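Undergrad: The structure file structure.tsv (TSV, C-alpha atoms) is provided below.
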chain	number	residue	atom	x	y	z
A	203	MET	CA	78.71	1.69	157.89
A	204	ASN	CA	75.35	0.42	159.12
A	205	PHE	CA	75.91	-2.88	160.94
A	206	PHE	CA	72.29	-3.27	161.99
A	207	SER	CA	69.72	-5.26	160.06
A	208	SER	CA	66.17	-4.26	159.21
A	209	ASN	CA	65.04	-6.31	162.20
A	210	GLN	CA	66.41	-3.68	164.58
A	211	GLU	CA	64.26	-1.08	162.83
A	212	LYS	CA	61.37	-3.50	163.18
A	213	ALA	CA	62.02	-3.79	166.93
A	214	TRP	CA	62.17	-0.02	167.36
A	215	ASN	CA	58.92	0.52	165.48
A	216	ALA	CA	57.20	-2.26	167.44
A	217	ALA	CA	58.06	-0.53	170.72
A	218	LEU	CA	56.96	2.89	169.47
A	219	LYS	CA	53.64	1.45	168.36
A	220	LEU	CA	52.99	0.04	171.82
A	221	LEU	CA	54.14	3.12	173.71
A	222	ASN	CA	52.42	5.60	171.40
A	223	PRO	CA	54.30	8.55	172.96
A	224	THR	CA	53.60	12.14	172.13
A	225	GLN	CA	56.41	13.89	170.31
A	226	ALA	CA	57.25	15.73	173.51
A	227	GLN	CA	57.37	12.46	175.51
A	228	LEU	CA	59.55	10.80	172.89
A	229	GLU	CA	62.01	13.67	172.72
A	230	HIS	CA	62.16	14.04	176.51
A	231	GLY	CA	62.63	10.31	177.06
A	232	LEU	CA	65.45	10.06	174.52
A	233	GLU	CA	67.11	13.15	175.99
A	234	LEU	CA	66.87	11.66	179.48
A	235	HIS	CA	68.36	8.41	178.26
A	236	ARG	CA	71.33	10.26	176.78
A	237	ASP	CA	71.93	12.28	179.94
A	238	LEU	CA	71.18	9.83	182.76
A	239	PHE	CA	73.33	7.12	184.25
A	240	VAL	CA	71.55	4.07	182.76
A	241	THR	CA	72.36	0.53	183.86
A	242	ASP	CA	71.28	-2.89	182.68
A	243	HIS	CA	71.20	-4.54	186.09
A	244	PHE	CA	71.72	-7.98	184.56
A	245	GLY	CA	72.35	-8.85	180.94
A	246	PHE	CA	74.86	-9.97	178.36
A	247	LEU	CA	77.22	-8.08	176.10
A	248	PRO	CA	76.09	-8.14	172.46
A	249	SER	CA	76.11	-11.34	170.45
A	250	ALA	CA	77.08	-9.86	167.12
A	251	CYS	CA	79.01	-12.77	165.69
A	252	TRP	CA	77.86	-14.55	162.62
A	253	ASN	CA	80.15	-15.37	159.76
A	254	HIS	CA	80.88	-18.20	157.38
A	255	ASN	CA	83.63	-19.58	159.60
A	256	ILE	CA	81.13	-20.40	162.37
A	257	VAL	CA	78.95	-22.41	160.00
A	258	VAL	CA	81.96	-24.29	158.60
A	259	LYS	CA	83.26	-25.07	162.09
A	260	TRP	CA	79.83	-26.28	163.19
A	261	ASP	CA	79.68	-28.74	160.30
A	262	GLU	CA	83.23	-29.94	160.99
A	263	LEU	CA	82.52	-30.61	164.65
A	264	LYS	CA	79.24	-32.37	163.93
A	265	ALA	CA	81.03	-34.63	161.45
A	266	LYS	CA	83.41	-35.67	164.24
A	267	ASN	CA	80.47	-36.84	166.39
A	268	ILE	CA	81.86	-35.11	169.46
A	269	GLY	CA	78.45	-35.07	171.19
A	270	GLN	CA	75.89	-32.38	171.79
A	271	ARG	CA	77.28	-31.09	175.05
A	272	GLU	CA	80.82	-30.67	173.78
A	273	LEU	CA	79.52	-29.20	170.52
A	274	SER	CA	77.51	-26.62	172.43
A	275	LYS	CA	80.48	-25.58	174.55
A	276	ARG	CA	82.95	-25.30	171.69
A	277	MET	CA	80.56	-23.27	169.57
A	278	GLU	CA	79.84	-20.90	172.45
A	279	PHE	CA	83.51	-20.10	172.91
A	280	LEU	CA	84.08	-19.91	169.13
A	281	GLN	CA	81.45	-17.17	168.93
A	282	TYR	CA	83.36	-15.11	171.50
A	283	ASP	CA	86.50	-15.55	169.38
A	284	GLU	CA	84.83	-14.61	166.11
A	285	CYS	CA	83.25	-11.53	167.65
A	286	CYS	CA	86.77	-10.33	168.45
A	287	ARG	CA	88.43	-11.46	165.19
A	288	ASP	CA	85.96	-10.61	162.46
A	289	PRO	CA	85.75	-6.88	161.52
A	290	GLU	CA	82.05	-7.01	160.66
A	291	CYS	CA	81.16	-8.81	163.89
A	292	SER	CA	83.30	-6.33	165.84
A	293	GLY	CA	81.56	-3.45	164.13
A	294	ARG	CA	78.14	-4.78	165.13
A	295	PHE	CA	79.32	-5.17	168.72
A	296	ARG	CA	80.52	-1.57	168.97
A	297	SER	CA	77.42	-0.23	167.22
A	298	ALA	CA	75.10	-2.12	169.58
A	299	ILE	CA	76.92	-0.87	172.69
A	300	ARG	CA	76.77	2.73	171.50
A	301	ALA	CA	73.13	2.49	170.39
A	302	SER	CA	72.05	1.15	173.78
A	303	GLY	CA	73.12	4.34	175.53
A	304	LEU	CA	74.07	2.32	178.61
A	305	LYS	CA	76.56	3.80	181.04
A	306	CYS	CA	76.88	0.50	182.90
A	307	MET	CA	76.28	-3.17	182.19
A	308	VAL	CA	76.07	-5.95	184.77
A	309	GLN	CA	77.49	-8.83	182.75
A	310	THR	CA	77.17	-12.44	183.80
A	311	VAL	CA	80.54	-14.11	183.26
A	312	ALA	CA	80.12	-17.53	184.90
A	313	GLU	CA	77.39	-20.05	185.63
A	314	GLY	CA	78.63	-21.48	188.92
A	315	LYS	CA	78.58	-25.08	187.73
A	316	SER	CA	82.30	-25.68	188.10
A	317	ARG	CA	85.35	-23.52	188.72
A	318	THR	CA	87.00	-24.78	185.53
A	319	GLU	CA	84.05	-23.78	183.37
A	320	ASP	CA	83.71	-20.48	185.21
A	321	LEU	CA	87.33	-19.60	184.45
A	322	ARG	CA	86.86	-20.42	180.76
A	323	ARG	CA	83.88	-18.07	180.57
A	324	MET	CA	85.76	-15.38	182.47
A	325	ALA	CA	88.66	-15.73	180.04
A	326	CYS	CA	86.27	-15.14	177.12
A	327	ASN	CA	84.95	-12.01	178.79
A	328	ILE	CA	88.46	-10.72	179.48
A	329	GLN	CA	89.12	-11.13	175.77
A	330	LEU	CA	86.02	-9.01	175.02
A	331	LEU	CA	87.18	-6.32	177.43
A	332	ARG	CA	90.62	-6.23	175.86
A	333	THR	CA	89.37	-6.25	172.25
A	334	PHE	CA	86.68	-3.62	172.76
A	335	ARG	CA	88.56	-1.44	175.25
A	336	ASP	CA	87.57	1.61	173.20
A	337	VAL	CA	83.89	1.18	174.17
A	338	ILE	CA	83.79	-0.98	177.34
A	339	GLU	CA	85.89	-1.30	180.48
A	340	GLN	CA	85.54	-3.39	183.62
A	341	ALA	CA	84.66	-1.60	186.84
A	342	GLY	CA	84.24	-2.79	190.42
A	343	SER	CA	83.23	0.31	192.36
A	344	THR	CA	81.19	3.49	191.98
A	345	ASP	CA	84.38	5.52	191.55
A	346	GLU	CA	85.65	3.17	188.83
A	347	ILE	CA	82.31	3.34	187.01
A	348	GLU	CA	82.46	7.14	187.09
A	349	ALA	CA	86.02	7.09	185.73
A	350	VAL	CA	85.02	4.76	182.88
A	351	ASN	CA	82.05	6.95	182.00
A	352	ARG	CA	84.24	10.06	181.90
A	353	GLU	CA	86.14	8.40	179.06
A	354	GLY	CA	82.89	7.90	177.14
A	355	LYS	CA	82.83	4.14	177.73
A	356	THR	CA	80.32	1.69	179.16
A	357	ALA	CA	81.36	0.25	182.52
A	358	VAL	CA	81.06	-3.54	182.81
A	359	VAL	CA	80.42	-4.98	186.28
A	360	TRP	CA	80.86	-8.73	186.61
A	361	SER	CA	78.22	-11.08	187.98
A	362	VAL	CA	78.19	-14.88	188.42
A	363	ASN	CA	75.23	-17.25	188.50
A	364	GLY	CA	76.34	-19.28	191.49
A	365	PRO	CA	78.90	-19.50	194.29
A	366	PRO	CA	82.23	-21.25	193.60
A	367	LEU	CA	81.92	-23.76	196.45
A	368	ALA	CA	84.26	-26.71	196.86
A	369	GLY	CA	81.35	-29.03	197.68
A	370	GLU	CA	83.32	-31.24	200.07
A	371	LEU	CA	81.55	-29.90	203.18
A	372	GLN	CA	84.50	-30.52	205.47
A	373	ASP	CA	86.13	-27.17	206.13
A	374	LEU	CA	84.31	-23.82	205.97
A	375	GLU	CA	87.36	-21.88	204.84
A	376	GLN	CA	87.92	-24.39	202.05
A	377	GLU	CA	84.31	-24.00	200.93
A	378	LEU	CA	84.50	-20.21	200.79
A	379	ALA	CA	88.13	-19.74	199.74
A	380	CYS	CA	87.35	-18.79	196.14
A	381	ILE	CA	84.97	-15.99	197.13
A	382	ASP	CA	87.88	-13.61	197.67
A	383	ASP	CA	89.51	-14.79	194.42
A	384	TRP	CA	86.33	-14.02	192.51
A	385	ARG	CA	86.27	-10.56	194.12
A	386	ARG	CA	89.87	-9.95	193.05
A	387	ILE	CA	88.96	-10.95	189.49
A	388	GLY	CA	86.19	-8.35	189.58
A	389	VAL	CA	82.96	-10.16	190.51
A	390	ARG	CA	80.57	-7.81	192.30
A	391	LEU	CA	77.25	-9.73	192.21
A	392	MET	CA	76.70	-13.40	193.01
A	393	HIS	CA	73.59	-15.58	192.75
A	394	LEU	CA	72.99	-17.78	195.78
A	395	THR	CA	71.28	-20.47	193.68
A	396	TYR	CA	70.31	-20.95	190.05
A	397	ASN	CA	66.86	-22.55	189.74
A	398	ARG	CA	67.93	-25.74	191.54
A	399	ARG	CA	68.88	-26.61	195.09
A	400	ASN	CA	72.54	-26.40	196.06
A	401	PHE	CA	74.42	-26.41	199.37
A	402	VAL	CA	73.20	-22.85	200.01
A	403	GLY	CA	69.44	-23.14	199.62
A	404	ASP	CA	66.60	-23.88	197.25
A	405	GLY	CA	66.28	-22.51	193.73
A	406	CYS	CA	63.06	-21.09	192.37
A	407	ALA	CA	62.35	-24.16	190.19
A	408	GLU	CA	62.32	-26.54	193.16
A	409	GLU	CA	59.00	-27.77	194.53
A	410	ALA	CA	60.43	-27.51	198.04
A	411	ASN	CA	60.79	-24.20	199.84
A	412	GLY	CA	63.43	-25.02	202.43
A	413	GLY	CA	65.22	-21.73	202.97
A	414	LEU	CA	68.87	-20.97	203.70
A	415	SER	CA	71.27	-23.63	204.92
A	416	ASP	CA	73.88	-22.92	207.58
A	417	LEU	CA	76.46	-22.79	204.78
A	418	GLY	CA	74.21	-20.28	203.01
A	419	ARG	CA	74.29	-17.98	206.02
A	420	ASP	CA	78.07	-18.28	206.22
A	421	LEU	CA	78.30	-17.55	202.49
A	422	ILE	CA	76.22	-14.38	202.85
A	423	ALA	CA	78.44	-13.20	205.70
A	424	ARG	CA	81.50	-13.79	203.52
A	425	LEU	CA	79.95	-11.98	200.55
A	426	ASN	CA	79.10	-9.02	202.79
A	427	LYS	CA	82.69	-8.96	204.05
A	428	SER	CA	84.11	-9.30	200.51
A	429	GLY	CA	82.03	-6.54	198.96
A	430	ILE	CA	79.99	-8.79	196.65
A	431	ILE	CA	76.25	-8.14	196.34
A	432	VAL	CA	74.00	-11.07	197.28
A	433	ASP	CA	71.72	-11.68	194.27
A	434	VAL	CA	68.56	-13.85	194.41
A	435	PRO	CA	66.81	-13.71	190.99
A	436	HIS	CA	66.79	-17.51	190.53
A	437	THR	CA	66.45	-18.31	194.23
A	438	GLY	CA	63.44	-19.87	195.97
A	439	ARG	CA	60.95	-17.83	197.96
A	440	GLN	CA	61.98	-18.74	201.51
A	441	THR	CA	65.68	-18.68	200.69
A	442	SER	CA	65.30	-15.20	199.16
A	443	ILE	CA	63.42	-13.83	202.19
A	444	GLU	CA	65.90	-15.34	204.64
A	445	ALA	CA	68.81	-14.04	202.58
A	446	ALA	CA	67.44	-10.49	202.69
A	447	LYS	CA	67.13	-10.72	206.46
A	448	ALA	CA	70.49	-12.43	206.99
A	449	SER	CA	72.49	-9.98	204.91
A	450	SER	CA	73.98	-6.99	206.70
A	451	LYS	CA	74.05	-5.13	203.37
A	452	PRO	CA	71.39	-4.48	200.68
A	453	ILE	CA	70.78	-7.39	198.34
A	454	MET	CA	69.35	-7.59	194.83
A	455	ALA	CA	67.05	-9.70	192.71
A	456	SER	CA	68.69	-8.36	189.57
A	457	HIS	CA	66.28	-9.83	187.00
A	458	THR	CA	62.82	-10.95	188.02
A	459	ALA	CA	59.21	-9.70	187.96
A	460	ALA	CA	56.12	-9.45	190.17
A	461	ARG	CA	54.30	-12.70	190.88
A	462	ALA	CA	51.14	-10.70	191.64
A	463	LEU	CA	50.97	-9.98	187.90
A	464	PHE	CA	52.18	-13.38	186.67
A	465	ASP	CA	52.31	-16.55	188.74
A	466	PHE	CA	55.61	-17.89	187.48
A	467	ALA	CA	58.57	-19.51	189.25
A	468	ARG	CA	61.00	-16.76	188.27
A	469	CYS	CA	58.76	-13.99	189.67
A	470	LYS	CA	58.85	-12.74	193.26
A	471	ASP	CA	55.79	-12.44	195.49
A	472	ASP	CA	55.00	-9.31	197.46
A	473	GLU	CA	56.52	-10.59	200.71
A	474	THR	CA	59.84	-11.29	199.00
A	475	LEU	CA	59.86	-7.93	197.22
A	476	LYS	CA	59.18	-6.15	200.52
A	477	ALA	CA	61.90	-8.12	202.33
A	478	ILE	CA	64.47	-7.07	199.71
A	479	ALA	CA	63.35	-3.44	199.86
A	480	ASP	CA	63.23	-3.38	203.67
A	481	GLY	CA	66.94	-4.17	203.71
A	482	GLY	CA	67.65	-1.31	201.30
A	483	GLY	CA	67.96	-3.61	198.29
A	484	MET	CA	66.53	-3.42	194.80
A	485	VAL	CA	64.73	-5.50	192.19
A	486	GLY	CA	65.43	-5.49	188.45
A	487	VAL	CA	62.58	-6.34	186.08
A	488	TYR	CA	63.56	-8.52	183.13
A	489	ALA	CA	62.54	-8.09	179.49
A	490	TYR	CA	62.09	-11.76	178.76
A	491	ALA	CA	59.06	-12.78	176.70
A	492	GLY	CA	57.42	-15.82	178.26
A	493	MET	CA	58.21	-14.76	181.82
A	494	LEU	CA	56.19	-11.54	182.04
A	495	GLY	CA	52.71	-12.89	181.36
A	496	GLY	CA	49.86	-11.11	179.63
A	497	SER	CA	50.95	-9.53	176.39
A	498	ASP	CA	54.61	-10.48	177.07
A	499	ASP	CA	55.83	-7.25	175.53
A	500	LEU	CA	57.17	-3.85	176.57
A	501	THR	CA	53.75	-2.86	177.91
A	502	MET	CA	53.81	-5.82	180.30
A	503	MET	CA	57.38	-5.12	181.39
A	504	LEU	CA	56.36	-1.56	182.29
A	505	ASN	CA	53.37	-2.97	184.19
A	506	HIS	CA	55.75	-4.97	186.39
A	507	ILE	CA	58.00	-1.95	186.99
A	508	GLU	CA	54.99	0.18	187.88
A	509	TYR	CA	53.59	-2.47	190.23
A	510	ILE	CA	56.87	-2.96	192.12
A	511	ALA	CA	57.47	0.80	192.33
A	512	LYS	CA	54.03	1.28	193.89
A	513	LEU	CA	54.55	-1.65	196.26
A	514	VAL	CA	58.01	-0.83	197.63
A	515	GLY	CA	58.83	2.58	196.15
A	516	PRO	CA	60.86	3.72	193.12
A	517	ASP	CA	64.03	3.59	195.26
A	518	HIS	CA	63.98	-0.20	194.99
A	519	VAL	CA	63.31	-1.05	191.35
A	520	GLY	CA	65.29	-1.09	188.13
A	521	ILE	CA	65.63	-2.99	184.84
A	522	GLY	CA	67.74	-6.11	184.41
A	523	THR	CA	66.86	-7.32	180.94
A	524	ASP	CA	68.43	-10.81	181.12
A	525	LEU	CA	68.98	-10.24	177.39
A	526	GLN	CA	71.60	-9.25	174.87
A	527	TYR	CA	71.66	-7.71	171.43
A	528	GLN	CA	71.35	-10.53	168.92
A	529	HIS	CA	72.13	-9.96	165.30
A	530	HIS	CA	69.45	-11.42	163.05
A	531	TRP	CA	71.40	-14.33	161.65
A	532	PRO	CA	70.74	-16.02	158.29
A	533	GLN	CA	68.41	-19.01	158.26
A	534	GLU	CA	71.32	-21.41	157.86
A	535	VAL	CA	72.45	-20.47	161.35
A	536	TYR	CA	69.01	-20.98	162.87
A	537	ASP	CA	68.94	-24.39	161.21
A	538	MET	CA	71.99	-25.45	163.26
A	539	ARG	CA	69.85	-27.04	165.96
A	540	PRO	CA	71.07	-29.54	168.56
A	541	TYR	CA	70.07	-33.11	167.88
A	542	PRO	CA	66.53	-33.41	169.33
A	543	ASN	CA	67.09	-36.94	170.64
A	544	ALA	CA	70.53	-36.32	172.11
A	545	GLU	CA	71.08	-37.86	175.53
A	546	TYR	CA	72.36	-34.60	177.02
A	547	SER	CA	69.83	-31.80	177.48
A	548	SER	CA	70.03	-28.59	179.49
A	549	ALA	CA	66.26	-28.57	180.09
A	550	TRP	CA	66.48	-29.91	183.65
A	551	TRP	CA	68.53	-26.97	184.90
A	552	GLY	CA	65.80	-24.56	183.91
A	553	ASP	CA	62.86	-26.89	183.29
A	554	TRP	CA	60.14	-24.33	182.66
A	555	LYS	CA	58.09	-26.98	180.82
A	556	LYS	CA	55.96	-27.51	183.91
A	557	HIS	CA	54.56	-24.02	183.42
A	558	PRO	CA	51.75	-23.93	180.84
A	559	HIS	CA	52.36	-20.39	179.65
A	560	LYS	CA	53.86	-19.88	176.22
A	561	PRO	CA	54.59	-16.43	174.78
A	562	LYS	CA	52.49	-15.37	171.83
A	563	ASN	CA	55.63	-14.18	170.09
A	564	PRO	CA	58.78	-15.94	171.34
A	565	ASN	CA	60.91	-13.47	169.35
A	566	GLU	CA	59.53	-10.44	171.20
A	567	SER	CA	62.80	-10.24	173.14
A	568	ILE	CA	64.92	-10.56	169.98
A	569	ASP	CA	63.33	-8.42	167.29
A	570	GLY	CA	60.17	-7.16	169.00
A	571	SER	CA	59.40	-4.40	171.49
A	572	LEU	CA	61.59	-5.95	174.22
A	573	ALA	CA	64.73	-6.20	172.08
A	574	TRP	CA	67.89	-5.17	173.91
A	575	ILE	CA	68.64	-2.59	171.22
A	576	ASN	CA	65.47	-0.75	172.32
A	577	TRP	CA	67.02	0.44	175.61
A	578	PRO	CA	66.42	4.16	174.85
A	579	LEU	CA	62.72	3.40	174.40
A	580	PHE	CA	62.57	1.74	177.82
A	581	THR	CA	63.30	5.19	179.22
A	582	VAL	CA	60.65	6.69	176.95
A	583	GLY	CA	58.25	4.08	178.34
A	584	LEU	CA	58.88	5.29	181.89
A	585	VAL	CA	58.15	8.85	180.76
A	586	VAL	CA	54.88	7.72	179.15
A	587	ARG	CA	53.90	5.93	182.40
A	588	GLY	CA	54.21	9.19	184.30
A	589	PHE	CA	57.35	8.59	186.35
A	590	SER	CA	59.14	11.80	187.29
A	591	ASP	CA	62.63	12.55	186.01
A	592	ASP	CA	64.02	11.90	189.50
A	593	GLU	CA	62.22	8.55	189.73
A	594	ILE	CA	63.45	7.55	186.27
A	595	ALA	CA	67.01	8.44	187.27
A	596	LYS	CA	66.72	6.11	190.26
A	597	ILE	CA	65.14	3.27	188.28
A	598	GLN	CA	67.63	3.51	185.44
A	599	GLY	CA	70.78	3.45	187.51
A	600	LYS	CA	71.02	5.49	190.70
A	601	ASN	CA	69.45	2.69	192.75
A	602	PHE	CA	72.16	0.33	191.55
A	603	LEU	CA	74.92	2.80	192.42
A	604	ARG	CA	73.48	3.10	195.93
A	605	VAL	CA	73.38	-0.68	196.46
A	606	LEU	CA	76.84	-1.17	194.96
A	607	LYS	CA	78.30	1.55	197.18
A	608	ALA	CA	76.63	0.10	200.27
A	609	ASN	CA	78.31	-3.24	199.55
A	610	GLN	CA	81.79	-1.85	198.83
A	611	ILE	CA	84.60	-2.52	201.24
Hey, can you dump this file as structure tokens for me?
TA:
Amino acid sequence: MNFFSSNQEKAWNAALKLLNPTQAQLEHGLELHRDLFVTDHFGFLPSACWNHNIVVKWDELKAKNIGQRELSKRMEFLQYDECCRDPECSGRFRSAIRASGLKCMVQTVAEGKSRTEDLRRMACNIQLLRTFRDVIEQAGSTDEIEAVNREGKTAVVWSVNGPPLAGELQDLEQELACIDDWRRIGVRLMHLTYNRRNFVGDGCAEEANGGLSDLGRDLIARLNKSGIIVDVPHTGRQTSIEAAKASSKPIMASHTAARALFDFARCKDDETLKAIADGGGMVGVYAYAGMLGGSDDLTMMLNHIEYIAKLVGPDHVGIGTDLQYQHHWPQEVYDMRPYPNAEYSSAWWGDWKKHPHKPKNPNESIDGSLAWINWPLFTVGLVVRGFSDDEIAKIQGKNFLRVLKANQI
């Protein structure tokens, strides 16, 4: 049964049109993708869940006037449930995983806003792992990833978007106590900050550029000791540089791009990229339209990969899409918009409105050339750009294995 819509074919054709590979390049790239260890260095498991029950529940909750924030949260968790319950949604999920050809997926499972919310999100992801255990399995080490792959499954490595700090600033052990718990649960990558300033340092959306706090340095030492990779994709410039120097183990910026090509808050400048590479770390380039600049398509994403590889070497670059497969839902689902004048808005946390750039095609990352389902063509793109097979193997996954192994305890 074909669970994919015509929009996935549209996305595939859009990428092929941009890449314009020869037949030999296309065949070689697809063969490489099948054979290599390919990792999404930061992304999301497929969102393949639309059904009538979601629409009905949405209307019921709106009628109760529960508020935008609560509505958003309940619907998010309902979608996890429906993906696991509904046979058609489950079929799309499995088809998307298999079509991606990924051997490993770094999956964000918590936002770092509160421990309670983090645990709810982790619970949803445990449910996914249990339901789809025939195609995905959690892994926390290079050996575990290899074992999962031997069974023909995609390994899922957990990441979180912020540290689970107590925030009382009285006792250091109290502040860092949950780090080891998160490691036991399976977290292997952790953002220091997410756009905004916290007790650790400045986020990339802050006007200030203050660098690491003392607590930030203690956190990095604890992460190094616990075997969790320090990740700085949403972290400010000075904090990122100081983190790379403070860490005794290689760090990552799992999903970012080169500021030399696009002057945007989420991108890293050359000094930051070099600092990460100098410590043995790596940088993942995202596939997010609106944050790449220029044409905001697969061509531009490859430009960023090429630039970073030339700057710091192919041993220090990869792809972290920051995306997921999204089924092309019916219009009635797209019409379920939050109330535009609601008091609660999540804009401040990201707040990219200060930046004047707007993508020409906002859907480029959904049903265009950057769509998550186009992963095999990302490898074809590297072939077209002239990367060697060995370099492609590093970019697509071997670099991540090296950094993960260097951080293991």
Undergrad: Do a neighbour search on region 401-408 of chain A at 6 Å with only C-alpha atoms, toss out local chain neighbours closer than 4 positions, and write the hits as a list of chain:residue names.
TA: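 Once the nearby chain positions are removed, what remains is A:Thr395, A:Tyr396, A:Asn397, A:Gly413, A:Leu414, A:Ser415, A:Leu417, A:Gly418, A:His436, A:Thr437, A:Gly438, A:Thr441, A:Ala467.
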Undergrad: To one decimal place, how far is CA of Arg419 (chain A) from CA of Lys447 (chain A) in Å?
TA: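 These atoms are spaced 10.2 Å apart.
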Undergrad: Restricting the calculation to only C-alpha atoms, which member of A:Asn255, A:Thr458, A:Ser497, A:Asn411 is positioned closest to Asp433 (chain A)?
TA: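 Using only C-alpha atoms, the shortest distance to Asp433 (chain A) belongs to A:Thr458.
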Undergrad: Give me the residues within 10 Å of Thr224 (chain A) as a list in words, counting all atoms listed in the file and dropping any in the same chain fewer than 5 places off.
TA: Glu229, His230 and Val586 of chain A
Undergrad: Excluding Leu475 (chain A) and residues on its chain fewer than 5 positions from it, collect all residues at most 8 Å away from it, counting all atoms listed in the file, and give them as a PyMOL selection string.
TA: chain A and resi 470+485+510+514
